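Enquirer: Shown below is the structure under consideration.
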Amino acid sequence: MSETVSASKHLIARHAGSALWLARYMERIENLARLLDVTKTFAGDAEGGRNWLSLLRINGDQAAFFAKHAAPEAASVAQFYLLDAENPTSVRTSIRYARENARTLRALISTEMWLQINVLHGAICGLSVADIEPEELSGVCAVLKEGVQAHTGITEGTLYRDQCWHFYMMGRHLERADQITRLIDTKFNALLPPAATDAAIDAGEWNALLRAAAGYHAYRREYPHGYVPREVAGFLLLNTTFPRSAGLSLAQLDWHLTTLRSRYNLRGCTPAMGRLDNLQSMLSSQTVDDILGRGLSPFLDWMQRELGALHEDIMTGLCGG
């Protein structure tokens with residue numbers, strides 16, 4: 001028989017929203033650091049501008065970037081995403097909001113979580129233009145990735161498995177699902193060869209795509225023969241054993257939402273659960289060939305809209321708006 005928890009144990013709405021946003025902001029920092037590092041590594045002289053522009057497209061930041069910078073290159077994009085406190089998608093903005101949400105949760109999170117976020121906050125806010133010069137960029141990205149991974153490990157080992165943890169985990173998987181669809185939407189069609197023949201693919205570019213998703217080694221375990229576009233798309237969208245796939249993120253969201261409703265008797269779950277069920281059905285009822293045949297970009301656009309609406313359903317129904 002499933003255990004239920006009395007209403008007196010319910011998490012207040014403000015804390016629920018802060019837990020969800022804390023996870024989303026921390027995920028964004030690691031994701032941006034990985035994208036910057038991979039772009040720096042694989043952006044050659046001839047294609048550098050195109051590669052840096054694609055990073056801006058992933059986040060929908062072209063207009064904001066060109067309002068301040070003349071051209072997308074390593075130095076200008078690094079400044080935009082690492083130092084610009086006015087850029088709402090920058091690492092500096094994300095760590096500021098992550099720390100503010102962690103402060104709201106101070107009574108619910110461990111001392112270790114709080115201290116580590118403060119250390120990372122100090123490291124990010126202490127970055128200067130000299131620190132992020134192109135030759136230093138990979139080292140800075142490594143520090144950021146390791147900082148978020150340390151946060152993830154500390155959270156795994158110390159955060160009490162109550163409602164706060166469930167909302168935190170929903171934030172993580174919402175962000176991962178959103179980011180993987182943005183990455184595929186921006187990169188996949190641009191990498192397809194003109195004749196759409198698997199033999200003509202650029203292995204280095206597909207390698208970069210998978211590394212940007214932290215999926216290179218996992219993909220090679222699943223498909224050791226090399227890169228086939230339809231297999232890459234299927235792996236990132238549908239594979240439920242890859243931690244950052246859209247399919248696994250949606251499955252994890254479903255588990256956490258279901259647990260919140262069954263264990264804590266939370267009201268307001270119905271709209272979010274209905275939307276999530278539709279998202280999962282649309283994803284699981286199609287093969288990757290079905291999706292590609294009907295048009296990958298329209299499908300991913302729809303997924304991004306639905307993920308945004310799902311976030312709003314959770315915030316409105318469970319977090320008080």
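By convention here, the chains of the structure tokens are called A, B, ... in the order presented, each chain's residues are numbered starting at 1, and ligands are numbered starting at 1 in the order presented.
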Counting only C-alpha atoms, what are the residues of region 124-236 of chain A within 8 Å of region 241-244 of chain A, and for each of them which pair of atoms is the nearest and at what distance in Å, to one decimal? Sort the table by chain and rising number, as a tab-separated table.

Expert:
```
residue	atom	partner	partner_atom	distance
A:Arg176	CA	A:Arg244	CA	5.9
A:Ala177	CA	A:Arg244	CA	7.2
A:Ile180	CA	A:Arg244	CA	7.1
A:Ala213	CA	A:Arg244	CA	7.2
A:Ala214	CA	A:Arg244	CA	7.8
A:Gly215	CA	A:Phe242	CA	7.4
A:Ala218	CA	A:Phe242	CA	7.0
A:Phe235	CA	A:Phe242	CA	7.6
A:Leu236	CA	A:Arg244	CA	7.4
```

Enquirer: Given the selection you just returned, output its residues as a file containing C-alpha atoms, formatted as a PDB file, in the first residue's frame.

Expert:
```
ATOM      1  CA  ARG A 176      17.334  18.725 -20.122  1.00  0.00           C
ATOM      2  CA  ALA A 177      14.366  17.988 -22.390  1.00  0.00           C
ATOM      3  CA  ILE A 180      18.232  18.592 -26.103  1.00  0.00           C
ATOM      4  CA  ALA A 213      24.888  16.669 -25.472  1.00  0.00           C
ATOM      5  CA  ALA A 214      27.368  14.755 -23.255  1.00  0.00           C
ATOM      6  CA  GLY A 215      26.406  11.704 -25.306  1.00  0.00           C
ATOM      7  CA  ALA A 218      27.120   6.492 -24.726  1.00  0.00           C
ATOM      8  CA  PHE A 235      19.497   8.272 -29.719  1.00  0.00           C
ATOM      9  CA  LEU A 236      19.071  11.870 -28.532  1.00  0.00           C
TER      10      LEU A 236
END
```

Enquirer: Using backbone DSSP assignments, extract all helix (DSSP H, G or I) residues from region 151-316 of chain A; output them as a PyMOL selection string.

Expert: chain A and resi 151-158+163-191+198-200+203-212+216-222+229-238+246-264+270-284+288-294+296-316

Enquirer: Give me the residues near Asp277 (chain A) as a list in words, where near means some atom within 12 Å (using only C-alpha atoms) and where sequence neighbours in that chain fewer than 6 positions away do not count.

Expert: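 Listing them by chain and then by number gives Gly247, Leu250, Ala251, Leu253, Asp254, Trp255, Leu257, Thr258, Cys269, Thr270, Pro271, Leu283, Ser284, Ser285, Glu306, Leu307 and Leu310 of chain A.
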
Enquirer: Could you check how far CA of Phe65 (chain A) sits from CA of Leu237 (chain A), in Å to one decimal?

Expert: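 Taking CA of Phe65 (chain A) as the start and CA of Leu237 (chain A) as the end point, the length is 28.8 Å.
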
Enquirer: From the set A:Ala208, A:Ser76, A:Ala33, A:Ala63, which residue has the shortest atom-to-atom contact distance to Val143 (chain A), counting only C-alpha atoms?

Expert: A:Ala33

Enquirer: Please determine, counting only C-alpha atoms, which residue among A:His166, A:Arg34, A:Arg57, A:Arg14 has the shortest atom-to-atom distance to Leu209 (chain A).

Expert: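 Answer, going by the shortest atom-to-atom distance: A:Arg34.
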
Enquirer: Which residues are close to Phe188 (chain A), i.e. within 12 Å by only C-alpha atoms, leaving aside same-chain residues fewer than 4 positions away? Reply as a ChimeraX atom specification.

Expert: /A:54,58,180-184,192-193,196,201-202,205-210,228-234,236-237,292,295-297,300

Enquirer: Would you work out the distance separating CA of Lys40 (chain A) from CA of Gly153 (chain A), expressed in Å to one decimal?

Expert: 26.9 Å

Enquirer: Do a neighbour search on Met282 (chain A) at 10 Å with only C-alpha atoms, toss out local chain neighbours closer than 3 positions, and write the hits as a PyMOL selection string.

Expert: chain A and resi 276-279+285-286+291+299+303
